[in-house]
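Here's coords14.pdb, which has PDB, C-alpha atoms:
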ATOM      1  CA  MET X 798      19.937  67.669 108.209
ATOM      2  CA  THR X 799      19.934  71.357 109.205
ATOM      3  CA  LEU X 800      20.799  73.106 112.468
ATOM      4  CA  ILE X 801      17.059  73.481 113.128
ATOM      5  CA  ASP X 802      16.567  69.703 112.823
ATOM      6  CA  LEU X 803      19.291  69.198 115.431
ATOM      7  CA  ALA X 804      17.331  71.364 117.870
ATOM      8  CA  ASN X 805      15.458  68.166 118.671
ATOM      9  CA  PRO X 806      17.599  66.392 121.326
ATOM     10  CA  THR X 807      16.248  62.942 120.383
ATOM     11  CA  ARG X 808      17.295  63.515 116.762
ATOM     12  CA  PHE X 809      20.684  64.786 117.969
ATOM     13  CA  LEU X 810      21.181  61.647 120.092
ATOM     14  CA  ALA X 811      20.377  59.458 117.089
ATOM     15  CA  LEU X 812      22.895  61.392 114.994
ATOM     16  CA  THR X 813      25.684  61.095 117.591
ATOM     17  CA  ALA X 814      25.067  57.342 117.876
ATOM     18  CA  ARG X 815      25.681  57.042 114.127
ATOM     19  CA  VAL X 816      28.599  59.488 113.824
ATOM     20  CA  LEU X 817      30.665  58.891 116.992
ATOM     21  CA  PRO X 818      32.236  55.506 116.028
ATOM     22  CA  TRP X 819      33.424  56.940 112.688
ATOM     23  CA  LEU X 820      34.791  60.093 114.315
ATOM     24  CA  ALA X 821      36.612  58.069 116.973
ATOM     25  CA  ALA X 822      38.152  55.805 114.311
ATOM     26  CA  ALA X 823      39.279  58.807 112.205
ATOM     27  CA  THR X 824      40.782  60.446 115.313
ATOM     28  CA  VAL X 825      42.765  57.338 116.274
ATOM     29  CA  LEU X 826      44.010  56.918 112.686
ATOM     30  CA  LEU X 827      45.112  60.541 112.302
ATOM     31  CA  LEU X 828      46.722  60.597 115.766
ATOM     32  CA  ALA X 829      48.694  57.459 114.863
ATOM     33  CA  ILE X 830      49.862  59.006 111.569
ATOM     34  CA  GLY X 831      50.705  62.310 113.278
ATOM     35  CA  LEU X 832      52.675  60.647 116.086
ATOM     36  CA  TYR X 833      54.566  58.501 113.575
ATOM     37  CA  GLN X 834      55.472  61.570 111.499
ATOM     38  CA  ALA X 835      56.421  63.499 114.655
ATOM     39  CA  ALA X 836      58.751  60.664 115.698
ATOM     40  CA  LEU X 837      60.419  60.709 112.266
ATOM     41  CA  ALA X 838      60.752  64.516 112.106
ATOM     42  CA  PRO X 839      64.385  65.702 112.160
ATOM     43  CA  ASP X 840      65.938  67.550 115.091
ATOM     44  CA  ASP X 841      65.919  71.338 114.856
ATOM     45  CA  TYR X 842      69.337  72.894 114.269
ATOM     46  CA  GLN X 843      68.929  75.067 117.384
ATOM     47  CA  GLN X 844      66.432  73.243 119.606
ATOM     48  CA  GLY X 845      67.526  69.674 118.921
ATOM     49  CA  ALA X 846      64.940  66.986 119.733
ATOM     50  CA  THR X 847      62.924  69.304 122.018
ATOM     51  CA  VAL X 848      61.188  70.536 118.848
ATOM     52  CA  LYS X 849      59.088  67.343 119.135
ATOM     53  CA  ILE X 850      57.216  69.005 122.036
ATOM     54  CA  MET X 851      55.863  71.443 119.428
ATOM     55  CA  PHE X 852      53.745  68.664 117.866
ATOM     56  CA  ILE X 853      51.579  68.446 120.988
ATOM     57  CA  HIS X 854      52.052  71.948 122.427
ATOM     58  CA  VAL X 855      50.868  73.873 119.348
ATOM     59  CA  PRO X 856      47.680  71.806 118.657
ATOM     60  CA  ASN X 857      46.695  72.124 122.317
ATOM     61  CA  ALA X 858      47.369  75.873 122.269
ATOM     62  CA  TRP X 859      45.278  76.281 119.101
ATOM     63  CA  LEU X 860      42.462  74.229 120.575
ATOM     64  CA  SER X 861      42.495  76.157 123.853
ATOM     65  CA  MET X 862      41.373  79.206 121.840
ATOM     66  CA  PHE X 863      39.274  77.317 119.287
ATOM     67  CA  VAL X 864      37.152  75.691 122.017
ATOM     68  CA  TRP X 865      36.477  79.078 123.612
ATOM     69  CA  GLY X 866      35.483  80.293 120.132
ATOM     70  CA  VAL X 867      33.031  77.386 119.820
ATOM     71  CA  MET X 868      31.650  78.212 123.277
ATOM     72  CA  SER X 869      31.262  81.867 122.258
ATOM     73  CA  ILE X 870      29.225  80.920 119.166
ATOM     74  CA  ALA X 871      27.158  78.579 121.347
ATOM     75  CA  SER X 872      26.633  81.445 123.806
ATOM     76  CA  LEU X 873      25.277  83.598 120.987
ATOM     77  CA  GLY X 874      23.008  80.654 120.193
ATOM     78  CA  THR X 875      21.750  80.736 123.794
ATOM     79  CA  LEU X 876      21.257  84.488 124.086
ATOM     80  CA  VAL X 877      20.172  85.444 120.549
ATOM     81  CA  TRP X 878      18.679  82.419 118.802
ATOM     82  CA  ARG X 879      17.716  80.449 121.950
ATOM     83  CA  HIS X 880      18.737  77.211 120.293
ATOM     84  CA  PRO X 881      17.870  74.376 122.719
ATOM     85  CA  LEU X 882      21.227  72.662 122.297
ATOM     86  CA  ALA X 883      23.385  75.820 122.420
ATOM     87  CA  ASP X 884      23.941  75.824 126.173
ATOM     88  CA  VAL X 885      24.375  72.043 126.125
ATOM     89  CA  ALA X 886      27.213  72.569 123.608
ATOM     90  CA  ALA X 887      28.787  75.367 125.676
ATOM     91  CA  LYS X 888      28.627  73.432 128.944
ATOM     92  CA  ALA X 889      29.991  70.230 127.408
ATOM     93  CA  ALA X 890      32.926  72.041 125.769
ATOM     94  CA  ALA X 891      34.229  73.783 128.904
ATOM     95  CA  PRO X 892      36.019  70.853 130.633
ATOM     96  CA  ILE X 893      37.505  69.706 127.317
ATOM     97  CA  GLY X 894      38.781  73.231 126.588
ATOM     98  CA  ALA X 895      40.194  73.448 130.116
ATOM     99  CA  ALA X 896      42.084  70.171 129.584
ATOM    100  CA  PHE X 897      43.578  71.400 126.285
ATOM    101  CA  THR X 898      44.571  74.724 127.867
ATOM    102  CA  PHE X 899      46.164  72.917 130.811
ATOM    103  CA  LEU X 900      48.156  70.779 128.349
ATOM    104  CA  ALA X 901      49.220  73.870 126.370
ATOM    105  CA  LEU X 902      50.517  75.484 129.575
ATOM    106  CA  LEU X 903      52.191  72.306 130.841
ATOM    107  CA  THR X 904      53.898  71.313 127.581
ATOM    108  CA  GLY X 905      54.877  74.945 126.972
ATOM    109  CA  SER X 906      56.468  75.043 130.399
ATOM    110  CA  LEU X 907      58.305  71.746 129.752
ATOM    111  CA  TRP X 908      59.517  73.115 126.411
ATOM    112  CA  GLY X 909      60.477  76.467 127.954
ATOM    113  CA  ARG X 910      62.772  75.048 130.644
ATOM    114  CA  PRO X 911      65.445  73.652 128.275
ATOM    115  CA  MET X 912      65.006  76.428 125.652
ATOM    116  CA  TRP X 913      64.484  79.568 127.769
ATOM    117  CA  GLY X 914      66.053  78.356 131.010
ATOM    118  CA  THR X 915      62.789  78.799 132.917
ATOM    119  CA  TYR X 916      59.506  76.932 133.356
ATOM    120  CA  TRP X 917      57.502  80.133 133.675
ATOM    121  CA  GLU X 918      57.746  83.818 132.849
ATOM    122  CA  TRP X 919      54.992  86.378 133.447
ATOM    123  CA  ASP X 920      55.054  87.526 129.833
ATOM    124  CA  ALA X 921      51.936  88.561 127.910
ATOM    125  CA  ARG X 922      51.375  85.261 126.021
ATOM    126  CA  LEU X 923      51.859  82.948 128.991
ATOM    127  CA  THR X 924      49.844  85.143 131.351
ATOM    128  CA  SER X 925      46.918  85.601 128.918
ATOM    129  CA  VAL X 926      46.731  81.812 128.370
ATOM    130  CA  LEU X 927      46.818  81.270 132.146
ATOM    131  CA  ILE X 928      43.887  83.727 132.415
ATOM    132  CA  LEU X 929      42.054  81.689 129.750
ATOM    133  CA  PHE X 930      42.594  78.533 131.827
ATOM    134  CA  LEU X 931      41.256  80.258 134.955
ATOM    135  CA  MET X 932      38.225  81.471 132.972
ATOM    136  CA  TYR X 933      37.487  77.880 131.913
ATOM    137  CA  LEU X 934      37.612  76.815 135.573
ATOM    138  CA  GLY X 935      35.381  79.759 136.531
ATOM    139  CA  LEU X 936      32.799  78.787 133.926
ATOM    140  CA  MET X 937      32.779  75.176 135.104
ATOM    141  CA  ALA X 938      32.314  76.388 138.694
ATOM    142  CA  LEU X 939      29.410  78.621 137.571
ATOM    143  CA  TRP X 940      27.649  75.713 135.848
ATOM    144  CA  ARG X 941      27.982  73.628 139.013
ATOM    145  CA  ALA X 942      26.903  76.453 141.334
ATOM    146  CA  VAL X 943      23.487  77.024 139.715
ATOM    147  CA  ASP X 944      21.106  74.076 139.936
ATOM    148  CA  ASP X 945      18.741  75.035 137.115
ATOM    149  CA  PRO X 946      20.576  74.566 133.760
ATOM    150  CA  SER X 947      18.534  77.232 131.925
ATOM    151  CA  ARG X 948      19.357  79.884 134.551
ATOM    152  CA  ALA X 949      23.034  78.913 134.587
ATOM    153  CA  ALA X 950      23.095  79.000 130.774
ATOM    154  CA  ARG X 951      22.381  82.726 130.453
ATOM    155  CA  ALA X 952      24.954  83.748 133.082
ATOM    156  CA  ALA X 953      27.554  81.403 131.556
ATOM    157  CA  ALA X 954      26.810  82.744 128.052
ATOM    158  CA  VAL X 955      27.428  86.354 129.140
ATOM    159  CA  LEU X 956      30.649  85.350 130.931
ATOM    160  CA  THR X 957      31.823  83.390 127.868
ATOM    161  CA  LEU X 958      31.246  86.327 125.509
ATOM    162  CA  VAL X 959      33.088  88.706 127.869
ATOM    163  CA  GLY X 960      35.916  86.149 128.100
ATOM    164  CA  ALA X 961      36.141  86.017 124.293
ATOM    165  CA  LEU X 962      37.843  89.430 124.485
ATOM    166  CA  ASN X 963      40.885  87.526 125.741
ATOM    167  CA  LEU X 964      41.229  85.573 122.446
ATOM    168  CA  PRO X 965      42.672  88.439 120.326
ATOM    169  CA  ILE X 966      44.836  89.409 123.297
ATOM    170  CA  ILE X 967      46.326  85.888 123.334
ATOM    171  CA  LYS X 968      46.760  85.816 119.549
ATOM    172  CA  PHE X 969      48.401  89.238 119.208
ATOM    173  CA  SER X 970      50.181  89.376 122.599
ATOM    174  CA  VAL X 971      53.447  88.355 120.920
ATOM    175  CA  ASP X 972      53.133  91.309 118.497
ATOM    176  CA  TRP X 973      51.824  93.940 120.908
ATOM    177  CA  TRP X 974      54.320  93.289 123.709
ATOM    178  CA  ASN X 975      57.922  92.238 123.979
ATOM    179  CA  THR X 976      57.524  88.607 125.042
ATOM    180  CA  LEU X 977      59.789  85.664 125.753
ATOM    181  CA  HIS X 978      57.368  83.565 123.678
ATOM    182  CA  GLN X 979      58.206  83.557 119.976
ATOM    183  CA  PRO X 980      55.918  85.319 117.448
ATOM    184  CA  ALA X 981      53.566  83.350 115.186
ATOM    185  CA  SER X 982      55.439  81.010 112.856
ATOM    186  CA  VAL X 983      52.638  79.037 111.153
ATOM    187  CA  MET X 984      49.643  81.350 110.638
ATOM    188  CA  ARG X 985      51.307  84.619 109.677
ATOM    189  CA  MET X 986      51.558  87.062 106.787
ATOM    190  CA  GLY X 987      53.941  85.719 104.161
ATOM    191  CA  GLY X 988      53.294  82.039 104.920
ATOM    192  CA  SER X 989      54.663  79.571 107.414
ATOM    193  CA  ALA X 990      58.235  79.958 108.660
ATOM    194  CA  LEU X 991      58.402  76.212 109.341
ATOM    195  CA  ASP X 992      60.114  73.725 107.062
ATOM    196  CA  LYS X 993      57.814  71.084 105.512
ATOM    197  CA  SER X 994      59.441  68.346 107.598
ATOM    198  CA  PHE X 995      57.974  70.064 110.704
ATOM    199  CA  LEU X 996      54.912  71.696 109.182
ATOM    200  CA  ILE X 997      53.263  68.531 107.789
ATOM    201  CA  PRO X 998      53.385  66.512 111.060
ATOM    202  CA  LEU X 999      52.253  69.622 112.932
ATOM    203  CA  LEU X1000      49.208  70.082 110.679
ATOM    204  CA  VAL X1001      48.337  66.367 110.874
ATOM    205  CA  MET X1002      48.524  66.524 114.679
ATOM    206  CA  ALA X1003      46.441  69.723 114.695
ATOM    207  CA  ILE X1004      43.708  68.065 112.591
ATOM    208  CA  ALA X1005      43.902  64.921 114.774
ATOM    209  CA  PHE X1006      43.469  66.948 117.984
ATOM    210  CA  THR X1007      40.614  68.919 116.400
ATOM    211  CA  LEU X1008      38.888  65.647 115.512
ATOM    212  CA  LEU X1009      39.544  64.471 119.076
ATOM    213  CA  PHE X1010      37.799  67.596 120.331
ATOM    214  CA  VAL X1011      34.801  67.097 118.004
ATOM    215  CA  THR X1012      34.483  63.451 119.107
ATOM    216  CA  LEU X1013      34.749  64.225 122.822
ATOM    217  CA  HIS X1014      32.462  67.229 122.490
ATOM    218  CA  LEU X1015      29.672  65.272 120.789
ATOM    219  CA  ALA X1016      29.998  62.516 123.411
ATOM    220  CA  ALA X1017      29.935  65.065 126.249
ATOM    221  CA  MET X1018      26.882  66.782 124.689
ATOM    222  CA  ARG X1019      25.105  63.415 124.540
ATOM    223  CA  ASN X1020      25.892  62.923 128.257
ATOM    224  CA  GLU X1021      24.569  66.397 129.090
ATOM    225  CA  ILE X1022      21.278  65.740 127.244
ATOM    226  CA  LEU X1023      20.879  62.459 129.142
ATOM    227  CA  ARG X1024      21.713  64.213 132.445
ATOM    228  CA  ARG X1025      18.951  66.784 131.799
ATOM    229  CA  ARG X1026      16.553  63.988 130.877
ATOM    230  CA  VAL X1027      17.391  62.260 134.189
ATOM    231  CA  ARG X1028      16.863  65.549 136.043
ATOM    232  CA  SER X1029      13.441  66.217 134.508
ATOM    233  CA  LEU X1030      12.291  62.633 135.118
ATOM    234  CA  GLN X1031      13.472  62.795 138.739
ATOM    235  CA  MET X1032      11.524  66.040 139.187
ATOM    236  CA  MET X1033       8.479  64.340 137.663
ATOM    237  CA  GLN X1034       8.944  61.417 140.057
ATOM    238  CA  ALA X1035       9.290  63.787 143.038
ATOM    239  CA  SER X1036       6.129  65.698 142.077
ATOM    240  CA  ARG X1037       4.185  62.416 141.729
ATOM    241  CA  VAL X1038       5.330  61.350 145.208
ATOM    242  CA  ALA X1039       4.369  64.765 146.637
ATOM    243  CA  PHE X1040       0.962  64.590 144.883
ATOM    244  CA  SER X1041       0.206  61.077 146.181
ATOM    245  CA  ASN X1042       1.279  62.127 149.702
ATOM    246  CA  GLU X1043      -1.104  65.115 149.517
ATOM    247  CA  MET X1044      -3.936  62.888 148.285
ATOM    248  CA  GLY X1045      -3.223  60.424 151.105
ATOM    249  CA  ALA X1046      -3.206  63.217 153.686
ATOM    250  CA  GLY X1047      -6.456  64.634 152.240
ATOM    251  CA  ALA X1048      -8.184  61.230 152.411
ATOM    252  CA  ARG X1049      -7.013  60.702 156.000
ATOM    253  CA  GLY X1050      -8.313  64.187 156.919
ATOM    254  CA  GLN X1051     -11.756  63.411 155.424
ATOM    255  CA  ASN X1052     -11.931  60.084 157.280
ATOM    256  CA  ALA X1053     -10.959  61.786 160.529
ATOM    257  CA  SER X1054     -13.707  64.440 160.156
ATOM    258  CA  LYS X1055     -16.289  61.721 159.382
ATOM    259  CA  GLU X1056     -15.211  59.852 162.536
ATOM    260  CA  ILE X1057     -15.523  63.066 164.606
ATOM    261  CA  GLY X1058     -18.957  63.692 163.067
ATOM    262  CA  ALA X1059     -20.066  60.125 163.849
ATOM    263  CA  ALA X1060     -18.834  60.433 167.422
ATOM    264  CA  GLY X1061     -20.749  63.748 167.820
TER     265      GLY X1061
ATOM    266  CA  MET B1279      65.976  53.626 118.280
ATOM    267  CA  MET B1280      65.029  57.301 118.274
ATOM    268  CA  SER B1281      67.495  59.514 120.145
ATOM    269  CA  LEU B1282      65.936  62.342 122.140
ATOM    270  CA  GLY B1283      69.165  63.946 123.305
ATOM    271  CA  PRO B1284      69.902  65.513 126.700
ATOM    272  CA  TYR B1285      66.340  66.799 127.178
ATOM    273  CA  ALA B1286      64.616  63.444 126.687
ATOM    274  CA  SER B1287      62.894  63.675 130.077
ATOM    275  CA  PHE B1288      61.119  66.931 129.062
ATOM    276  CA  ILE B1289      59.939  65.432 125.764
ATOM    277  CA  VAL B1290      58.777  62.138 127.294
ATOM    278  CA  THR B1291      57.015  63.949 130.172
ATOM    279  CA  SER B1292      55.169  66.199 127.679
ATOM    280  CA  TYR B1293      53.869  63.266 125.621
ATOM    281  CA  ALA B1294      53.058  61.203 128.737
ATOM    282  CA  ALA B1295      51.130  64.122 130.285
ATOM    283  CA  ALA B1296      49.160  64.652 127.056
ATOM    284  CA  ALA B1297      48.332  60.925 126.886
ATOM    285  CA  LEU B1298      47.291  60.888 130.565
ATOM    286  CA  VAL B1299      45.057  63.972 130.327
ATOM    287  CA  VAL B1300      43.370  62.706 127.136
ATOM    288  CA  ALA B1301      42.881  59.271 128.759
ATOM    289  CA  ILE B1302      41.297  60.926 131.837
ATOM    290  CA  LEU B1303      38.972  62.961 129.570
ATOM    291  CA  ILE B1304      37.887  59.862 127.626
ATOM    292  CA  GLY B1305      37.457  57.838 130.850
ATOM    293  CA  TRP B1306      35.380  60.601 132.463
ATOM    294  CA  ILE B1307      33.080  60.892 129.428
ATOM    295  CA  VAL B1308      32.618  57.105 129.133
ATOM    296  CA  LEU B1309      31.889  56.721 132.879
ATOM    297  CA  ASP B1310      29.494  59.674 132.794
ATOM    298  CA  TYR B1311      27.614  58.078 129.873
ATOM    299  CA  ARG B1312      27.321  54.765 131.748
ATOM    300  CA  ASN B1313      26.152  56.581 134.875
ATOM    301  CA  GLN B1314      23.449  58.563 133.042
ATOM    302  CA  THR B1315      22.138  55.581 131.042
ATOM    303  CA  GLN B1316      21.991  53.488 134.225
ATOM    304  CA  ARG B1317      19.989  56.198 136.027
ATOM    305  CA  LEU B1318      17.627  56.444 133.045
ATOM    306  CA  ARG B1319      17.145  52.659 133.038
ATOM    307  CA  GLU B1320      16.306  52.724 136.772
ATOM    308  CA  LEU B1321      13.751  55.505 136.199
ATOM    309  CA  ASP B1322      12.312  53.561 133.260
ATOM    310  CA  ARG B1323      11.950  50.455 135.437
ATOM    311  CA  SER B1324      10.157  52.445 138.147
ATOM    312  CA  GLY B1325       7.541  53.502 135.569
ATOM    313  CA  ILE B1326       8.632  57.128 135.114
ATOM    314  CA  THR B1327       8.275  57.941 131.425
ATOM    315  CA  ARG B1328       8.666  61.116 129.378
ATOM    316  CA  ARG B1329       5.641  63.297 128.614
ATOM    317  CA  SER B1330       5.766  62.046 125.045
ATOM    318  CA  GLY B1331       5.163  58.574 126.457
ATOM    319  CA  ARG B1332       8.441  57.339 125.015
ATOM    320  CA  SER B1333      10.929  55.393 127.067
ATOM    321  CA  ALA B1334      13.548  57.478 128.921
ATOM    322  CA  MET B1335      16.189  55.486 127.040
ATOM    323  CA  ASP B1336      14.797  56.385 123.617
ATOM    324  CA  ALA B1337      17.455  57.302 121.049
ATOM    325  CA  SER B1338      20.206  57.074 123.662
TER     326      SER B1338
END

Target format structure tokens, applied to this file:
Amino acid sequence: MTLIDLANPTRFLALTARVLPWLAAATVLLLAIGLYQAALAPDDYQQGATVKIMFIHVPNAWLSMFVWGVMSIASLGTLVWRHPLADVAAKAAAPIGAAFTFLALLTGSLWGRPMWGTYWEWDARLTSVLILFLMYLGLMALWRAVDDPSRAARAAAVLTLVGALNLPIIKFSVDWWNTLHQPASVMRMGGSALDKSFLIPLLVMAIAFTLLFVTLHLAAMRNEILRRRVRSLQMMQASRVAFSNEMGAGARGQNASKEIGAAG
Amino acid sequence: MMSLGPYASFIVTSYAAAALVVAILIGWIVLDYRNQTQRLRELDRSGITRRSGRSAMDAS
């Protein structure tokens, strides 16, 4: 099945019905393995047990950017290729990305208090991620503000692509500026700085959260397709009612003129 | 029993918040699906069908 085949919403719905149970099961399994490994991971020699926050903070932080990346590709699909499901994908991803970004900020703050002595610092990494979170909320507000999904899609696509400029700023903020947040320790030149006892659970949790995103995203896309189907059917229903009212009014008008003619 | 040290409350709060937010996301998506399928069923019952002539619930 190619991307073109999936342009048919009915075919996409059939695919999600088949795939979603398997994806959900794989997500639950990997999350269980990841949480078990995270629980067994040793304490860090400096951070103690607070290093366990890393196993949920880092996957959420990765996903906060990854989801915006997915939305950016979907936005290109809307503006350039006009793929019928591109704006459905972008709209469905926004609340999920916002939730992951919120969790990255919250767990980062809860990790920062015991390690840095503060919940929040206006440094480049924290501030750029906060901006990302606000952009997610802005996009969701834009989708709700415009009634017609196809009109909202183009505006949201432009905003998403402009917002994508923030992704390299987030990624390289720890290198470009002097930040309280530590520099990259997993994806960096020269390999990961993490010991295997931390790295393996972290990667398992990252894959589990990515699968969680894929599962939730497909389910949310299915909901969005159904919502648009409801909308078009309701419009069809409204136009039928308006048409029958017009016909009724026309018939009454003709009868009235006949009565006037008969009376004359 | 796993020992979480003096900062146990920060660790437990982080995991609890993640679980809560993910649960809210799943709940919202499931409820939204039920809501949309119910609305489609009502439209189907009132005789409103898609231009293709297929049921509004087709492939959902």

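Applied to this file, the PyMOL selection byres ((chain X) within 6 of (chain B)) selects the residues Thr807, Leu810, Ala811, Ala846, Ile850, Thr904, Leu907, Asn1020, Arg1024 and Val1027 of chain X.
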
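Here CA of Ala871 (chain X) is placed at a distance of 26.8 Å from CA of Val825 (chain X).
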
Requested in this report: Starting from the shown file, work through the PyMOL selection byres ((chain X and resi 911-928) around 6) and note down what comes out as a list of chain:residue names.
Outcome: X:Ser906, X:Gly909, X:Arg910, X:Leu929, X:Phe930, X:Leu931, X:Ile967, X:Ser970, X:Thr976

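Rounded to one decimal, CA of Ser1029 (chain X) and CA of Pro806 (chain X) lie 13.8 Å from each other.
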
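Ranking X:Ser989, X:Asn963, X:Thr898, X:Ser982 by their shortest atom-to-atom distance to Leu860 (chain X), with only C-alpha atoms included, puts X:Thr898 first.
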
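Distance check against Ala883 (chain X) using all atoms listed in the file: of X:Arg951, X:Arg941, X:Arg1028, X:Arg1049, the minimum falls on X:Arg951.
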